[in-house]
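Worksheet: the structure to be examined is printed underneath.
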Amino acid sequence: MLEQTKYQKLFSTPLIRFRVPDCAVLNAALLMESEQMRAENSGVSKSNRGGWHSEGNLFESDAPSIQRIRNAAQDAVLEITRKVSSKVDPESLDMKLFAWMNTNPRGGYNAPHTHPGAHWSGVYYVSQPDVEDGSSGMIEFLDPRSAMPHWRILEASSFREKLTFRPSVGELIVFPSYLMHWVHPNHTDAERVTIAFNATFRRPK
Ligand SMILES: [Fe+2]
């Protein structure tokens with residue numbers, strides 16, 4: 001017989017998903033903010049292909065709808081940090097949040113990328129293509145380790161090479177900024193509108 005002395009999950013990659021309850025009014029207010037911002041500036045080009053990407057730090061806006069997402073992002077980042085860290089209380093650190101808004105119209109997508117320099121990245125879904133089939137609105141995460149196709153036979157979720165899903169409107173997801181991800185092309189006429197953010201911790205001075 002064997003006596004188990006330890007079981008560890010090495011190099012696992014956390015991903016957390018939340019739902020903002022009763023988000024319809026909030027999302028309508030965010031869409032109005034987005035339209036106003038788009039009318040005022042033409043945006044910047046980052047990993048987005050087609051569509052619009054707001055300029056500067058969105059969380060500096062004092063619009064109540066944006067501040068609600070800022071608070072939700074902060075709570076979500078604290079929660080996932082508590083889940084992975086037993087030694088540091090994240091509330092004892094300074095957290096810097098930087099956010100922007102993305103819209104993907106028909107044909108728009110985001111090429112594979114990471115968010116270097118940050119600890120956590122997240123996305124809040126304001127509007128999504130309302131489809132059940134196809135890949136519109138889907139985000140895909142790629143295994144940061146080298147490819148291990150021979151593990152497929154075990155059908156173990158910890159050893160999958162990628163994870164693809166379509167978050168619902170009102171969902172907020174957070175993942176490590178080193179994790180490679182991309183957004184599938186939108187094949188519908190309904191815009192995908194998201195608020196993305198980076199969170200970076202620093203020791204207080
Ligand atoms: Fe991203």
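Lettering and numbering for the structure tokens are positional, with chains as A, B, ... in the shown order, residues counted from 1 in each chain, and ligands counted from 1 in the shown order.
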
Can you tell me which residues come within 12 Å of ligand 1 when counting only C-alpha atoms and all ligand atoms, ideally as a PyMOL selection string? chain A and resi 46-48+53+99-102+109-116+118+120-124+139-141+173-183+194-198

So that I can check the surroundings of stretch 87-95 of chain A, please list as a list in words every protein, DNA and RNA residue that reaches within 12 Å of it, counting only C-alpha atoms and ignoring chain neighbours fewer than 5 positions away.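 Listing them by chain and then by number gives Arg70, Asn71, Ala73, Gln74, Asp75, Ala76, Val77, Leu78, Glu79, Ile80, Thr81, Arg82, Ala118, His119, Trp120, Asn198, Ala199, Thr200, Phe201, Arg202, Arg203, Pro204 and Lys205 of chain A.
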
Please produce a file of the residues just selected, as an mmCIF file, in the first residue's frame, where the atoms kept are N, CA and C atoms.
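And here is the file that came out, again-v6.cif:
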```cif
data_model
loop_
_atom_site.group_PDB
_atom_site.id
_atom_site.type_symbol
_atom_site.label_atom_id
_atom_site.label_comp_id
_atom_site.auth_asym_id
_atom_site.auth_seq_id
_atom_site.Cartn_x
_atom_site.Cartn_y
_atom_site.Cartn_z
ATOM 1 N N ARG A 70 -15.940 49.610 -12.420
ATOM 2 C CA ARG A 70 -14.644 49.753 -11.743
ATOM 3 C C ARG A 70 -14.678 49.037 -10.386
ATOM 4 N N ASN A 71 -15.750 49.257 -9.634
ATOM 5 C CA ASN A 71 -15.859 48.609 -8.323
ATOM 6 C C ASN A 71 -15.972 47.094 -8.457
ATOM 7 N N ALA A 73 -14.774 45.298 -10.921
ATOM 8 C CA ALA A 73 -13.453 44.807 -11.346
ATOM 9 C C ALA A 73 -12.532 44.690 -10.134
ATOM 10 N N GLN A 74 -12.575 45.698 -9.281
ATOM 11 C CA GLN A 74 -11.715 45.682 -8.087
ATOM 12 C C GLN A 74 -12.069 44.490 -7.184
ATOM 13 N N ASP A 75 -13.366 44.276 -6.951
ATOM 14 C CA ASP A 75 -13.798 43.152 -6.099
ATOM 15 C C ASP A 75 -13.378 41.819 -6.723
ATOM 16 N N ALA A 76 -13.545 41.704 -8.052
ATOM 17 C CA ALA A 76 -13.221 40.446 -8.733
ATOM 18 C C ALA A 76 -11.725 40.150 -8.640
ATOM 19 N N VAL A 77 -10.908 41.183 -8.802
ATOM 20 C CA VAL A 77 -9.450 40.991 -8.744
ATOM 21 C C VAL A 77 -9.029 40.618 -7.310
ATOM 22 N N LEU A 78 -9.629 41.256 -6.318
ATOM 23 C CA LEU A 78 -9.309 40.888 -4.928
ATOM 24 C C LEU A 78 -9.674 39.428 -4.684
ATOM 25 N N GLU A 79 -10.826 39.007 -5.204
ATOM 26 C CA GLU A 79 -11.290 37.634 -4.964
ATOM 27 C C GLU A 79 -10.365 36.597 -5.615
ATOM 28 N N ILE A 80 -9.983 36.816 -6.861
ATOM 29 C CA ILE A 80 -9.122 35.803 -7.506
ATOM 30 C C ILE A 80 -7.728 35.829 -6.870
ATOM 31 N N THR A 81 -7.298 36.987 -6.398
ATOM 32 C CA THR A 81 -5.986 37.051 -5.749
ATOM 33 C C THR A 81 -6.016 36.280 -4.431
ATOM 34 N N ARG A 82 -7.144 36.406 -3.703
ATOM 35 C CA ARG A 82 -7.271 35.622 -2.450
ATOM 36 C C ARG A 82 -7.255 34.139 -2.767
ATOM 37 N N ALA A 118 1.025 43.544 -16.334
ATOM 38 C CA ALA A 118 -0.046 43.531 -15.329
ATOM 39 C C ALA A 118 -0.084 42.172 -14.630
ATOM 40 N N HIS A 119 -0.778 42.108 -13.502
ATOM 41 C CA HIS A 119 -0.972 40.823 -12.827
ATOM 42 C C HIS A 119 -2.212 40.104 -13.374
ATOM 43 N N TRP A 120 -3.331 40.843 -13.366
ATOM 44 C CA TRP A 120 -4.602 40.236 -13.790
ATOM 45 C C TRP A 120 -5.219 41.071 -14.910
ATOM 46 N N ASN A 198 -6.839 45.952 -16.915
ATOM 47 C CA ASN A 198 -5.633 45.348 -16.340
ATOM 48 C C ASN A 198 -5.536 45.788 -14.892
ATOM 49 N N ALA A 199 -5.100 44.871 -14.024
ATOM 50 C CA ALA A 199 -4.888 45.207 -12.612
ATOM 51 C C ALA A 199 -3.441 44.897 -12.254
ATOM 52 N N THR A 200 -2.777 45.866 -11.650
ATOM 53 C CA THR A 200 -1.387 45.686 -11.266
ATOM 54 C C THR A 200 -1.239 46.049 -9.783
ATOM 55 N N PHE A 201 -0.622 45.144 -9.036
ATOM 56 C CA PHE A 201 -0.395 45.393 -7.612
ATOM 57 C C PHE A 201 0.990 45.992 -7.376
ATOM 58 N N ARG A 202 1.065 46.873 -6.387
ATOM 59 C CA ARG A 202 2.358 47.380 -5.931
ATOM 60 C C ARG A 202 2.340 47.399 -4.422
ATOM 61 N N ARG A 203 3.531 47.230 -3.844
ATOM 62 C CA ARG A 203 3.621 47.384 -2.390
ATOM 63 C C ARG A 203 3.444 48.854 -2.057
ATOM 64 N N PRO A 204 2.648 49.176 -1.028
ATOM 65 C CA PRO A 204 2.464 50.593 -0.700
ATOM 66 C C PRO A 204 3.773 51.215 -0.227
ATOM 67 N N LYS A 205 3.991 52.492 -0.593
ATOM 68 C CA LYS A 205 5.255 53.149 -0.182
ATOM 69 C C LYS A 205 5.158 53.623 1.251
#
```

Looking at only C-alpha atoms, which of A:Pro14, A:Pro167, A:Pro64, A:Gly137 is the one that sits closest to A:Leu26?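 Of A:Pro14, A:Pro167, A:Pro64, A:Gly137, the one nearest A:Leu26 is A:Pro64, counting only C-alpha atoms.
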
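Ranking A:Val20, A:Val193, A:Val84, A:Ile153 by their shortest atom-to-atom distance to A:Ala72, with only C-alpha atoms included, puts A:Val20 first.
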
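Our summary of the geometry notes that atom CA of A:Asn186 is positioned 9.6 Å from atom CA of A:Gly134.
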
In stretch 12-160 of chain A, DSSP strand (DSSP E) residues written as a PyMOL selection string: chain A and resi 16-19+48-49+52-53+94-104+109-113+120-127+139-142

Find the residues near A:Pro21: any atom within 12 Å, counting only C-alpha atoms, skip ones fewer than 4 places away on the same chain, and give them as a ChimeraX atom specification. /A:25-27,72,168-172

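Distance-wise, atom CA of A:Ala156 and atom CA of A:Thr5 end up 22.6 Å apart.
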
Polymer residues at most 9 Å from A:Ser135, only C-alpha atoms, same-chain spacing of 5 or more positions, as an MDAnalysis selection string: chainID A and resid 164:166 184:187

Please produce an output containing N, CA and C atoms for each residue in the selection, written as a CSV table (one decimal), in the first residue's frame.
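Ended up saving to selection-v1.csv:
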```
chain,number,residue,atom,x,y,z
A,164,THR,N,-12.4,27.5,-24.9
A,164,THR,CA,-13.2,28.5,-25.7
A,164,THR,C,-14.6,28.5,-25.1
A,165,PHE,N,-15.1,29.7,-24.9
A,165,PHE,CA,-16.5,29.8,-24.5
A,165,PHE,C,-17.0,31.2,-24.8
A,166,ARG,N,-18.4,31.3,-24.8
A,166,ARG,CA,-19.0,32.6,-25.1
A,166,ARG,C,-19.6,33.1,-23.8
A,184,HIS,N,-12.8,35.5,-31.2
A,184,HIS,CA,-13.3,35.0,-32.5
A,184,HIS,C,-14.0,36.2,-33.3
A,185,PRO,N,-13.9,36.1,-34.6
A,185,PRO,CA,-14.5,37.1,-35.4
A,185,PRO,C,-16.0,37.1,-35.2
A,186,ASN,N,-16.6,38.3,-35.2
A,186,ASN,CA,-18.0,38.4,-35.1
A,186,ASN,C,-18.7,38.3,-36.4
A,187,HIS,N,-19.5,37.2,-36.6
A,187,HIS,CA,-20.2,37.0,-37.9
A,187,HIS,C,-21.6,37.4,-37.9
```
